[in-house]
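Participant: Just dropping this structure here.
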There are 4 protein chains.
Amino acid sequence: MISVGVVGGTGYTGAELLRLLVSHPQVKLQKITSRASAGKQVADEYPHLRQLIDMTFCEPDSTELGQCDVVFFATPNCTAMQMAPQLLNAGARVIDLAADFRLQNIEQWQQFYDCEHTCPEFLPEAVYGLPEINREKIRDARLIANPGCYPTAVSLGFLPLLKAGIVVPGSLIADAKSGISGAGRQTKPANLFSEVAENFRAYAVGTHRHRPEIEQTLRYISGVVEKLVFVPHVVPMVRGIHATLYAQLTDTEVDLQRLYVDTFADELFVDVLPPGSHPETASVRGSNTCRIAVHKSDDGSTAIILVVEDNLVKGAAGQAIQNMNIMFGLDETLGLMQAALWP
Amino acid sequence: MISVGVVGGTGYTGAELLRLLVSHPQVKLQKITSRASAGKQVADEYPHLRQLIDMTFCEPDSTELGQCDVVFFATPNCTAMQMAPQLLNAGARVIDLAADFRLQNIEQWQQFYDCEHTCPEFLPEAVYGLPEINREKIRDARLIANPGCYPTAVSLGFLPLLKAGIVVPGSLIADAKSGISGAGRQTKPANLFSEVAENFRAYAVGTHRHRPEIEQTLRYISGVVEKLVFVPHVVPMVRGIHATLYAQLTDTEVDLQRLYVDTFADELFVDVLPPGSHPETASVRGSNTCRIAVHKSDDGSTAIILVVEDNLVKGAAGQAIQNMNIMFGLDETLGLMQAALWP
Amino acid sequence: MISVGVVGGTGYTGAELLRLLVSHPQVKLQKITSRASAGKQVADEYPHLRQLIDMTFCEPDSTELGQCDVVFFATPNCTAMQMAPQLLNAGARVIDLAADFRLQNIEQWQQFYDCEHTCPEFLPEAVYGLPEINREKIRDARLIANPGCYPTAVSLGFLPLLKAGIVVPGSLIADAKSGISGAGRQTKPANLFSEVAENFRAYAVGTHRHRPEIEQTLRYISGVVEKLVFVPHVVPMVRGIHATLYAQLTDTEVDLQRLYVDTFADELFVDVLPPGSHPETASVRGSNTCRIAVHKSDDGSTAIILVVEDNLVKGAAGQAIQNMNIMFGLDETLGLMQAALWP
Amino acid sequence: MISVGVVGGTGYTGAELLRLLVSHPQVKLQKITSRASAGKQVADEYPHLRQLIDMTFCEPDSTELGQCDVVFFATPNCTAMQMAPQLLNAGARVIDLAADFRLQNIEQWQQFYDCEHTCPEFLPEAVYGLPEINREKIRDARLIANPGCYPTAVSLGFLPLLKAGIVVPGSLIADAKSGISGAGRQTKPANLFSEVAENFRAYAVGTHRHRPEIEQTLRYISGVVEKLVFVPHVVPMVRGIHATLYAQLTDTEVDLQRLYVDTFADELFVDVLPPGSHPETASVRGSNTCRIAVHKSDDGSTAIILVVEDNLVKGAAGQAIQNMNIMFGLDETLGLMQAALWP
């Protein structure tokens, strides 16, 4: 059994981690911390976990957490970096679901996150936890930067095109749509039911923090400088990301369907749909699967890739557990094969 | 392993059965039938089951189905009764998720369901599959009438009051609210997104088919003739039932909280919340748990009981599997302990 | 033209007032105040009012507001009472959409609103602004206590029964359901989209502030002490209240349909539906109409009354304008005859 | 007063026409037809129109309709073309909200709509009713092809770029998102609440009928052959379209904000937001306004245009009335200046 600590268990990502961890056959939940709710029963904060978790939230104590085999940080940005060094030094592994170790360029990180990094010396060993591109490195990692929700969907969607080297430089566009749970439990008017329901809007055009993260991954895959036009939108739903990706192709004759099927043939959490399909976010609600459909414009010049995932699962907590499974030599799918909740 | 047949696998209840059965460790799915989709891959109809079920829908054939250990009917009313006799005679057990075997009074059944019953001779052995009142009978049953969604919530909510005999006769009111999945996959304007979203309405006041079913159960529990005022409503959500129950008490001093906690002390799928609570349907979304909170009016004269369940799980497919577990001597909770999906 | 001031224009009720006032043919908007947004263009806060209102929010200044013909308070509780005396003394009329002048019993008010009343001497002249029971008093009033959203629906629904004197004492139950806009623009987790969507719950059972207000009105109508069992619920929608009302009848033979039709024959904003109807909240979305349907239990002993209104219109801003129309001798329906937005 | 006939009054577009027409000060509703509901009170089908419309649906009779000044067709495709010739010959004007007269290329029309056109001889005089590009022609038209919902948003969004001639040929992408009311009142599973709520998907990639319509308009504006990559999506909401438009610019220095503000300076129903804005569909719910925000990618090479409209108003019924106003020499905004319903 792997002894697990969860830091910051009161947000949506933390709740989702707990939902998945309680049914993971190789996990023993050791510590669930929350400064705000310390001393409170987990089930009092989260009634859906009654009868499943009989623990209280505790203060985050690095000595105690350091004794866990692995500690997940489901905290706001700029939090994990403050404890990670001690935990790593104590022998625990760390999986950060926030952004502290995602960008290797420290200046860019500080600019986008508006925060001084407190342990940049750990960045070189941080592994970007997208198994489909980094599985071997994850196996040996002590410190995982779990990808953002948009970056997971967008990077997986562009991956085959970039590996095949058939994209016109500078032509990548990601028009992404997310359920509001991606904004977390922040209590601002824009996140209220009355202002999200029956409403659709873009936001942060040109300024979203996930753009440099995606561009770093695209570069990592393709080996060349990739820039991205990235437009995120809020959908009046709780869970789910749909990325609609556009790329000009250098080769209009390429069989994209075959390319995608082949690229992901061994990936258990990437499901390429039959030609002509339109994946639905509801088909992955609560599941760790990413579904992809491949289209082309009439003249063959533009690839149109449709990608769906559950932002809280493959886009956060599920992928974190997938990383844990790899790090500890377990079956990568352990605890992650629940069917999506439909309807 | 129990070999299982599912008849009518294309509705919401059928889909939910499949979702739960694929992760049940003692179940082997043998047949999934659908007249309309025969020959089609299950995963083509239900993309959320891709990678989990590799079977095609087949025609319902009573000979083949009769070789299963148990056959679930997730069909419209007046369907199971046409095949059940053959299956039972062939040695299979039958769990009907529709209403064909729910009402013992055949005239009442024919009146409310507007249909001639084709095998009334099987009614005497049909067991009403509400484990909290019928566990022993279910154990030995061949034929289970799985309760309706409203009846499950309302009956469980009134159960302690009726067993304690502290209700003023004729004072029971059930004001019930359901997500629209309770209406099934019927394609009529009233079920369209555009007419359900941002809308709330009562329906079928005085005429809903679940009223006689609930009254039968209340009578079964209390031993006296119970009439019920029952008003169902449609909530603009997919899953979930919230029943708000009112009863005049003969004893205003009774400790209702203790009564409910004691009554359900051994029930793993009934969770009585602490005093002052208000259960949320989201806390049981996708789970087989029924949560109950107990209140009284200021003067103590009226019990106000709040009950939530997922209409597709404890109100349908989950309870059907709970019944199967009991019938086959398995742990009653097997395959049913997934946490609710929140948020 | 009536010169109008709106105090507290940044909440949902304030926004709704502005939406209705801009198209009122006899209104000139003079001042829109907001401490938090003073100096900001109204249309920057509310893009839906661009091109319709070209004004900036100003600080609430009682001298300036006192020069208006009428001032609406769309403020939190315990705010209007601090400025109302000065405005009234300056000759303005005041319509408070909050609760400061709703309860005549000052002790009860202080207990439920947890606040010292600063001008109880104005309570005797405050008129409860429910035109259907107080039209004549409203005509001559300087100070209107605009009813709460639940109290409007519940009081109108019980009105004919109480006037007819056919209710068994102590038998009134109001099971009420509201869209979340009723909670205002409060930024707490319980109001976030992620926690309201696909969720249904009761709240404040036994403790809701609208109960004493409703009881006061029921008493006012019937002349006897009326107690009420009141259970409010949150519906995952923005606008709309549905009250399901139950009352034991002393006379089981009474023709309720006729009673309701006759009682409201001259009321332009109360629409009694044909027998057997189920009103939908969507049918009054954005409109000032309250629709009612009348049912009885099978044995005739229980009246079941279904009432819908838009909580922000007939339950708040629309009714406030209806009161203004009456106070200024205008056609009561002026500016209020827009059709509901459906679907 | 203009005497108006509405053919096909039972769909969502028909209902929206009625909502707007009842409050239009220069309109007299003469006939509302519906084969399916002939003889039924309009208010029985649409309770939100009770007290506002006291008419019954009648059979569509071309003699009677021909006596109207103008007849709106809110019918399925391939319907208006069967009556339009008679009505025009009788002297009525015709505004078709469906697609019968939208495409000038008859072969293309027959291919996309899979239907033989019965009066192609009327196509030459049919005016495409987008006032922002065709106001003068609309003034004198007898027959208006009212634009589709997507084409209105997409065409208005690209208009300034195309008129300025600053777009790289072949680079136009429209990633469009629509509320489900755009699918009309069709009763198929994909439109049910249970399958739309908490779900997001693209559909009809490469095959949507609105693409040739948009391309025709882009060509009309720019004078050159324009092809478009068009990807529509379904948003879990009732009303609203958000089009996110991408175009490569030939001139990266152009001041797009100024270009858009200048282009639409005299348009009362096109509102260009300040720089950096993100328009919300909720800000136009129920209103005839189209709001646009203008962005560029970091390197200035890609224009990113965000457009919102209410698909049932500016995208259908509102624009039809705007066209009527122009045809009859009325103020173009008459009956169309209601504020959006927010929240």
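Residue names in the structure tokens use chain letters A, B, ... in the order shown, residue numbers from 1 in each chain, and ligand numbers from 1 in the order shown.
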With a cut-off of 7 Å and counting only C-alpha atoms, select all residues of chain B in contact with chain D and give the selection as a list in words.
Facilitator: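 Result: Ile180, Ser181, Arg185, Thr187, Lys188, Pro189, Asn191, Leu192, Phe193, Ser194, Val196 and Val238 of chain B.
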Participant: Residues at most 8 Å from stretch 263-279 of chain B, counting only C-alpha atoms, excluding those fewer than 6 positions away in the same chain, as a PyMOL selection string?
Facilitator: (chain B and resi 132+160+257+288-295+306-308+333) or (chain C and resi 201-203)
Participant: Neighbours of B:Gly318 within 9 Å (only C-alpha atoms; same-chain residues fewer than 5 positions away dropped), as a PyMOL selection string?
Facilitator: chain B and resi 16-17+20+286-288+312-313+323+336
Participant: How would the residues just chosen look if you wrote them out with N, CA, C and O atoms as a PDB file, in the first residue's frame?
Facilitator:
ATOM      1  N   GLU B  16     -27.489   2.944 -17.211  1.00  0.00           N
ATOM      2  CA  GLU B  16     -26.967   3.017 -15.850  1.00  0.00           C
ATOM      3  C   GLU B  16     -26.660   1.625 -15.303  1.00  0.00           C
ATOM      4  O   GLU B  16     -25.646   1.416 -14.623  1.00  0.00           O
ATOM      5  N   LEU B  17     -27.514   0.662 -15.636  1.00  0.00           N
ATOM      6  CA  LEU B  17     -27.231  -0.732 -15.271  1.00  0.00           C
ATOM      7  C   LEU B  17     -25.883  -1.161 -15.839  1.00  0.00           C
ATOM      8  O   LEU B  17     -25.044  -1.733 -15.133  1.00  0.00           O
ATOM      9  N   LEU B  20     -22.861   0.297 -14.064  1.00  0.00           N
ATOM     10  CA  LEU B  20     -22.578  -0.306 -12.769  1.00  0.00           C
ATOM     11  C   LEU B  20     -22.146  -1.766 -12.918  1.00  0.00           C
ATOM     12  O   LEU B  20     -21.269  -2.232 -12.194  1.00  0.00           O
ATOM     13  N   GLY B 286     -24.814   9.522  -8.779  1.00  0.00           N
ATOM     14  CA  GLY B 286     -24.079   8.341  -9.229  1.00  0.00           C
ATOM     15  C   GLY B 286     -23.882   7.311  -8.143  1.00  0.00           C
ATOM     16  O   GLY B 286     -23.283   6.263  -8.391  1.00  0.00           O
ATOM     17  N   SER B 287     -24.379   7.580  -6.941  1.00  0.00           N
ATOM     18  CA  SER B 287     -24.167   6.642  -5.831  1.00  0.00           C
ATOM     19  C   SER B 287     -25.475   5.982  -5.421  1.00  0.00           C
ATOM     20  O   SER B 287     -26.566   6.478  -5.712  1.00  0.00           O
ATOM     21  N   ASN B 288     -25.376   4.871  -4.707  1.00  0.00           N
ATOM     22  CA  ASN B 288     -26.564   4.117  -4.314  1.00  0.00           C
ATOM     23  C   ASN B 288     -27.096   4.530  -2.943  1.00  0.00           C
ATOM     24  O   ASN B 288     -27.978   3.890  -2.391  1.00  0.00           O
ATOM     25  N   LEU B 312     -31.611   7.275 -10.791  1.00  0.00           N
ATOM     26  CA  LEU B 312     -31.151   6.196 -11.665  1.00  0.00           C
ATOM     27  C   LEU B 312     -30.368   5.123 -10.901  1.00  0.00           C
ATOM     28  O   LEU B 312     -30.116   4.054 -11.436  1.00  0.00           O
ATOM     29  N   VAL B 313     -29.960   5.406  -9.679  1.00  0.00           N
ATOM     30  CA  VAL B 313     -29.155   4.433  -8.924  1.00  0.00           C
ATOM     31  C   VAL B 313     -30.025   3.830  -7.811  1.00  0.00           C
ATOM     32  O   VAL B 313     -30.701   2.832  -8.043  1.00  0.00           O
ATOM     33  N   ASN B 323     -30.403  -5.669  -5.057  1.00  0.00           N
ATOM     34  CA  ASN B 323     -31.278  -6.844  -4.971  1.00  0.00           C
ATOM     35  C   ASN B 323     -30.592  -8.099  -5.510  1.00  0.00           C
ATOM     36  O   ASN B 323     -30.668  -9.164  -4.907  1.00  0.00           O
ATOM     37  N   LEU B 336     -21.113  -1.397  -5.579  1.00  0.00           N
ATOM     38  CA  LEU B 336     -21.993  -0.244  -5.364  1.00  0.00           C
ATOM     39  C   LEU B 336     -21.397   0.811  -4.438  1.00  0.00           C
ATOM     40  O   LEU B 336     -22.113   1.679  -3.966  1.00  0.00           O
TER      41      LEU B 336
END
Participant: If you count only C-alpha atoms, which residues fall within 9 Å of stretch 66-69 of chain D, apart from same-chain ones fewer than 2 positions away, as a list of chain:residue names?
Facilitator: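 Those residues are D:Ile2, D:Ser3, D:Val4, D:Gly5, D:Gln30, D:Lys31, D:Asp61, D:Ser62, D:Thr63, D:Glu64, D:Val71, D:Gln86, D:Leu87, D:Leu88, D:Asn89, D:Ala90, D:Gly91, D:Ala92, D:Arg93, D:Val94.
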Participant: Extract the full set of helix (DSSP H, G or I) residues from stretch 117-337 of chain D according to DSSP on the backbone, and format it as a ChimeraX atom specification.
Facilitator: /D:120-125,131-139,149-164,180-183,189-191,193-196,210-222,256-263,281-284,313-327
Participant: Taking only C-alpha atoms into account, which of A:Arg142, A:His24, A:His233, A:Arg35 comes nearest A:Gly11?
Facilitator: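 For A:Gly11, the nearest of the given residues is A:Arg35.
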Participant: From the options C:Ile95, C:Cys78, C:Ala247, C:Leu21, which residue's atoms come nearest to C:Leu52, counting only C-alpha atoms?
Facilitator: C:Leu21
Participant: Could you write out, as a PyMOL selection string, all the residues of stretch 27-249 of chain B that DSSP marks as strand (DSSP E)?
Facilitator: chain B and resi 27-33+70-73+93-96+127-128+143-145+173-179+201-202+229-235+241-248
Participant: Residues near A:Ser155, anyone? I mean within 8 Å using only C-alpha atoms, not counting same-chain ones fewer than 4 positions away, as an mmCIF file with all heavy atoms, in the first residue's frame.
Facilitator:
data_model
loop_
_atom_site.group_PDB
_atom_site.id
_atom_site.type_symbol
_atom_site.label_atom_id
_atom_site.label_comp_id
_atom_site.auth_asym_id
_atom_site.auth_seq_id
_atom_site.Cartn_x
_atom_site.Cartn_y
_atom_site.Cartn_z
ATOM 1 N N PRO A 151 -3.867 22.481 -21.070
ATOM 2 C CA PRO A 151 -2.671 21.928 -21.713
ATOM 3 C C PRO A 151 -2.764 20.433 -22.010
ATOM 4 O O PRO A 151 -2.250 19.966 -23.031
ATOM 5 C CB PRO A 151 -1.562 22.248 -20.705
ATOM 6 C CG PRO A 151 -2.022 23.528 -20.072
ATOM 7 C CD PRO A 151 -3.512 23.341 -19.927
ATOM 8 N N LEU A 159 -0.425 16.526 -30.600
ATOM 9 C CA LEU A 159 0.721 15.624 -30.553
ATOM 10 C C LEU A 159 1.025 14.882 -31.865
ATOM 11 O O LEU A 159 2.134 14.988 -32.399
ATOM 12 C CB LEU A 159 0.528 14.649 -29.379
ATOM 13 C CG LEU A 159 1.526 13.506 -29.206
ATOM 14 C CD1 LEU A 159 2.914 14.048 -28.866
ATOM 15 C CD2 LEU A 159 1.068 12.554 -28.100
ATOM 16 N N ILE A 214 1.386 25.382 -22.716
ATOM 17 C CA ILE A 214 1.116 24.586 -23.922
ATOM 18 C C ILE A 214 2.247 24.791 -24.939
ATOM 19 O O ILE A 214 2.741 23.822 -25.537
ATOM 20 C CB ILE A 214 -0.236 24.972 -24.552
ATOM 21 C CG1 ILE A 214 -1.375 24.759 -23.567
ATOM 22 C CG2 ILE A 214 -0.479 24.157 -25.829
ATOM 23 C CD1 ILE A 214 -2.717 25.331 -24.027
ATOM 24 N N THR A 217 5.166 22.702 -24.238
ATOM 25 C CA THR A 217 4.969 21.291 -24.576
ATOM 26 C C THR A 217 5.021 21.067 -26.087
ATOM 27 O O THR A 217 5.610 20.083 -26.562
ATOM 28 C CB THR A 217 3.623 20.795 -24.014
ATOM 29 O OG1 THR A 217 3.625 20.997 -22.599
ATOM 30 C CG2 THR A 217 3.415 19.316 -24.301
ATOM 31 N N LEU A 218 4.410 21.965 -26.821
ATOM 32 C CA LEU A 218 4.431 21.831 -28.283
ATOM 33 C C LEU A 218 5.875 21.867 -28.785
ATOM 34 O O LEU A 218 6.266 21.113 -29.670
ATOM 35 C CB LEU A 218 3.614 22.951 -28.937
ATOM 36 C CG LEU A 218 2.131 23.033 -28.533
ATOM 37 C CD1 LEU A 218 1.433 24.177 -29.284
ATOM 38 C CD2 LEU A 218 1.403 21.718 -28.787
#
